[in-house]
>>> print(open('my_file.cif').read())   # mmCIF, N, CA and C atoms
data_coords
loop_
_atom_site.label_atom_id
_atom_site.label_comp_id
_atom_site.auth_asym_id
_atom_site.auth_seq_id
_atom_site.Cartn_x
_atom_site.Cartn_y
_atom_site.Cartn_z
N MET A 4 15.13 6.24 15.05
CA MET A 4 14.30 7.05 14.18
C MET A 4 13.28 6.16 13.47
N ALA A 5 12.15 6.71 13.18
CA ALA A 5 11.07 5.95 12.56
C ALA A 5 11.18 5.92 11.05
N GLY A 6 12.10 6.61 10.47
CA GLY A 6 12.24 6.63 9.02
C GLY A 6 13.02 7.86 8.59
N LYS A 7 13.27 7.95 7.32
CA LYS A 7 14.02 9.08 6.80
C LYS A 7 13.18 10.35 6.88
N LYS A 8 13.86 11.47 7.01
CA LYS A 8 13.17 12.75 7.08
C LYS A 8 12.37 12.98 5.80
N GLY A 9 11.13 13.37 5.95
CA GLY A 9 10.28 13.65 4.80
C GLY A 9 9.49 12.45 4.31
N MET A 10 9.75 11.26 4.88
CA MET A 10 9.00 10.08 4.45
C MET A 10 7.60 10.11 5.05
N LYS A 11 6.63 9.69 4.25
CA LYS A 11 5.26 9.58 4.75
C LYS A 11 5.08 8.20 5.36
N HIS A 12 4.29 8.14 6.40
CA HIS A 12 3.98 6.87 7.04
C HIS A 12 2.48 6.65 6.94
N TYR A 13 2.10 5.48 6.48
CA TYR A 13 0.70 5.16 6.25
C TYR A 13 0.26 4.09 7.24
N SER A 14 -0.96 4.22 7.73
CA SER A 14 -1.49 3.25 8.68
C SER A 14 -1.71 1.90 8.00
N ILE A 15 -1.76 0.87 8.80
CA ILE A 15 -2.04 -0.48 8.30
C ILE A 15 -3.40 -0.49 7.60
N GLU A 16 -4.37 0.21 8.18
CA GLU A 16 -5.71 0.26 7.59
C GLU A 16 -5.69 0.87 6.19
N PHE A 17 -4.93 1.95 6.02
CA PHE A 17 -4.82 2.59 4.71
C PHE A 17 -4.14 1.66 3.72
N ARG A 18 -3.05 1.02 4.15
CA ARG A 18 -2.34 0.08 3.27
C ARG A 18 -3.26 -1.06 2.84
N GLN A 19 -4.03 -1.60 3.80
CA GLN A 19 -4.94 -2.69 3.50
C GLN A 19 -6.01 -2.24 2.51
N LYS A 20 -6.50 -1.03 2.67
CA LYS A 20 -7.50 -0.49 1.75
C LYS A 20 -6.95 -0.45 0.32
N ILE A 21 -5.74 0.04 0.16
CA ILE A 21 -5.12 0.14 -1.16
C ILE A 21 -4.92 -1.26 -1.75
N VAL A 22 -4.43 -2.18 -0.95
CA VAL A 22 -4.22 -3.56 -1.41
C VAL A 22 -5.54 -4.19 -1.82
N ASP A 23 -6.58 -4.01 -1.02
CA ASP A 23 -7.90 -4.56 -1.35
C ASP A 23 -8.46 -3.95 -2.63
N LEU A 24 -8.29 -2.65 -2.79
CA LEU A 24 -8.77 -2.01 -4.01
C LEU A 24 -8.08 -2.58 -5.25
N HIS A 25 -6.82 -2.91 -5.10
CA HIS A 25 -6.08 -3.47 -6.24
C HIS A 25 -6.41 -4.95 -6.44
N LEU A 26 -6.27 -5.75 -5.40
CA LEU A 26 -6.40 -7.20 -5.54
C LEU A 26 -7.84 -7.70 -5.59
N LYS A 27 -8.72 -7.10 -4.82
CA LYS A 27 -10.09 -7.59 -4.75
C LYS A 27 -11.05 -6.86 -5.70
N VAL A 28 -10.87 -5.54 -5.82
CA VAL A 28 -11.76 -4.76 -6.67
C VAL A 28 -11.24 -4.71 -8.11
N GLY A 29 -9.93 -4.77 -8.24
CA GLY A 29 -9.35 -4.80 -9.58
C GLY A 29 -8.92 -3.45 -10.13
N ILE A 30 -8.80 -2.47 -9.26
CA ILE A 30 -8.32 -1.16 -9.71
C ILE A 30 -6.82 -1.26 -9.97
N SER A 31 -6.39 -0.70 -11.09
CA SER A 31 -4.98 -0.83 -11.47
C SER A 31 -4.07 -0.03 -10.54
N VAL A 32 -2.82 -0.47 -10.50
CA VAL A 32 -1.81 0.22 -9.70
C VAL A 32 -1.67 1.66 -10.16
N SER A 33 -1.69 1.87 -11.47
CA SER A 33 -1.53 3.24 -11.98
C SER A 33 -2.69 4.14 -11.57
N GLN A 34 -3.90 3.61 -11.57
CA GLN A 34 -5.06 4.40 -11.13
C GLN A 34 -4.96 4.74 -9.65
N LEU A 35 -4.61 3.75 -8.84
CA LEU A 35 -4.46 3.98 -7.40
C LEU A 35 -3.34 4.98 -7.13
N SER A 36 -2.27 4.84 -7.87
CA SER A 36 -1.12 5.73 -7.72
C SER A 36 -1.52 7.18 -7.97
N GLU A 37 -2.26 7.41 -9.02
CA GLU A 37 -2.72 8.76 -9.34
C GLU A 37 -3.71 9.28 -8.31
N GLU A 38 -4.70 8.46 -7.99
CA GLU A 38 -5.78 8.89 -7.10
C GLU A 38 -5.29 9.20 -5.69
N TYR A 39 -4.35 8.39 -5.18
CA TYR A 39 -3.90 8.55 -3.80
C TYR A 39 -2.49 9.15 -3.69
N SER A 40 -1.93 9.59 -4.81
CA SER A 40 -0.58 10.19 -4.84
C SER A 40 0.46 9.28 -4.20
N LEU A 41 0.46 8.03 -4.65
CA LEU A 41 1.41 7.04 -4.15
C LEU A 41 2.34 6.62 -5.28
N ASN A 42 3.53 6.19 -4.90
CA ASN A 42 4.46 5.65 -5.87
C ASN A 42 3.97 4.24 -6.24
N PRO A 43 3.90 3.91 -7.53
CA PRO A 43 3.44 2.58 -7.92
C PRO A 43 4.25 1.44 -7.30
N SER A 44 5.54 1.64 -7.13
CA SER A 44 6.36 0.58 -6.52
C SER A 44 5.97 0.36 -5.07
N GLN A 45 5.49 1.41 -4.38
CA GLN A 45 5.04 1.25 -3.00
C GLN A 45 3.79 0.37 -2.94
N ILE A 46 2.87 0.59 -3.85
CA ILE A 46 1.65 -0.21 -3.91
C ILE A 46 2.00 -1.67 -4.18
N LYS A 47 2.88 -1.90 -5.13
CA LYS A 47 3.30 -3.27 -5.46
C LYS A 47 3.96 -3.95 -4.27
N PHE A 48 4.78 -3.20 -3.54
CA PHE A 48 5.42 -3.74 -2.34
C PHE A 48 4.39 -4.13 -1.29
N TRP A 49 3.41 -3.24 -1.05
CA TRP A 49 2.37 -3.55 -0.07
C TRP A 49 1.61 -4.80 -0.47
N CYS A 50 1.27 -4.93 -1.75
CA CYS A 50 0.54 -6.11 -2.21
C CYS A 50 1.34 -7.38 -1.98
N LYS A 51 2.61 -7.32 -2.31
CA LYS A 51 3.48 -8.49 -2.12
C LYS A 51 3.59 -8.82 -0.62
N TRP A 52 3.75 -7.80 0.20
CA TRP A 52 3.89 -8.00 1.63
C TRP A 52 2.63 -8.63 2.24
N PHE A 53 1.45 -8.08 1.90
CA PHE A 53 0.20 -8.61 2.44
C PHE A 53 -0.06 -10.03 1.95
N LYS A 54 0.31 -10.34 0.71
CA LYS A 54 0.14 -11.71 0.20
C LYS A 54 1.02 -12.68 0.98
N GLN A 55 2.24 -12.24 1.27
CA GLN A 55 3.19 -13.13 1.95
C GLN A 55 2.92 -13.28 3.43
N TYR A 56 2.60 -12.17 4.12
CA TYR A 56 2.49 -12.20 5.57
C TYR A 56 1.07 -12.05 6.11
N GLY A 57 0.14 -11.61 5.29
CA GLY A 57 -1.22 -11.38 5.76
C GLY A 57 -1.35 -10.04 6.46
N VAL A 58 -2.47 -9.83 7.07
CA VAL A 58 -2.75 -8.56 7.76
C VAL A 58 -2.17 -8.61 9.17
N PRO A 59 -1.34 -7.63 9.53
CA PRO A 59 -0.81 -7.59 10.89
C PRO A 59 -1.92 -7.40 11.91
N LYS A 60 -1.76 -7.99 13.08
CA LYS A 60 -2.79 -7.87 14.12
C LYS A 60 -2.29 -7.04 15.27
#
>>> encode(input="my_file.cif", output="structure tokens")
Amino acid sequence: MAGKKGMKHYSIEFRQKIVDLHLKVGISVSQLSEEYSLNPSQIKFWCKWFKQYGVPK
């Protein structure tokens, strides 16, 4: 299975966009969370993941 029932799956491009908006543009996690209906902990996880591993190819 690709994940739990009801879980949303986001493309790498979308995740990268959110990370860039936070880290490069400086938009706060709370603003991004509200605007894109994301859990703030998900955004923080993506940022940590991209910092550690970079962009998947």
>>> resolve_selection(input="my_file.cif", expression="the PyMOL selection byres (((chain A and resi 20-31 and name CA) around 8) and name CA)", output="list of chain:residue names")
A:Glu16, A:Phe17, A:Arg18, A:Gln19, A:Val32, A:Ser33, A:Gln34, A:Leu35, A:Ile46, A:Trp49, A:Cys50, A:Phe53
>>> write_last_selection(input="my_file.cif", atoms="N, CA and C atoms", output="compact mmCIF listing (two decimals), in the frame of the given file")
# COMPACT_ATOMS: atom_id res chain seq x y z
N GLU A 16 -4.37 0.21 8.18
CA GLU A 16 -5.71 0.26 7.59
C GLU A 16 -5.69 0.87 6.19
N PHE A 17 -4.93 1.95 6.02
CA PHE A 17 -4.82 2.59 4.71
C PHE A 17 -4.14 1.66 3.72
N ARG A 18 -3.05 1.02 4.15
CA ARG A 18 -2.34 0.08 3.27
C ARG A 18 -3.26 -1.06 2.84
N GLN A 19 -4.03 -1.60 3.80
CA GLN A 19 -4.94 -2.69 3.50
C GLN A 19 -6.01 -2.24 2.51
N VAL A 32 -2.82 -0.47 -10.50
CA VAL A 32 -1.81 0.22 -9.70
C VAL A 32 -1.67 1.66 -10.16
N SER A 33 -1.69 1.87 -11.47
CA SER A 33 -1.53 3.24 -11.98
C SER A 33 -2.69 4.14 -11.57
N GLN A 34 -3.90 3.61 -11.57
CA GLN A 34 -5.06 4.40 -11.13
C GLN A 34 -4.96 4.74 -9.65
N LEU A 35 -4.61 3.75 -8.84
CA LEU A 35 -4.46 3.98 -7.40
C LEU A 35 -3.34 4.98 -7.13
N ILE A 46 2.87 0.59 -3.85
CA ILE A 46 1.65 -0.21 -3.91
C ILE A 46 2.00 -1.67 -4.18
N TRP A 49 3.41 -3.24 -1.05
CA TRP A 49 2.37 -3.55 -0.07
C TRP A 49 1.61 -4.80 -0.47
N CYS A 50 1.27 -4.93 -1.75
CA CYS A 50 0.54 -6.11 -2.21
C CYS A 50 1.34 -7.38 -1.98
N PHE A 53 1.45 -8.08 1.90
CA PHE A 53 0.20 -8.61 2.44
C PHE A 53 -0.06 -10.03 1.95
>>> atom_distance(input="my_file.cif", atom1="atom CA of A:Ser40", atom2="atom CA of A:Lys11")
11.2 Å
>>> axis_aligned_box(input="my_file.cif", around="stretch 26-44 of chain A", padding_each_side="3 Å", output="AutoDock Vina command-line options")
--center_x -2.7 --center_y 1.2 --center_z -7.8 --size_x 24.1 --size_y 23.9 --size_z 14.3
>>> select_by_dssp(input="my_file.cif", residues="chain A", states="helix (DSSP H, G or I)", output="PyMOL selection string")
chain A and resi 15-28+32-39+43-56
>>> atom_distance(input="my_file.cif", atom1="atom N of A:Gln45", atom2="atom C of A:Ser14")
14.3 Å
>>> atom_distance(input="my_file.cif", atom1="atom CA of A:Ser36", atom2="atom N of A:Tyr13")
14.6 Å
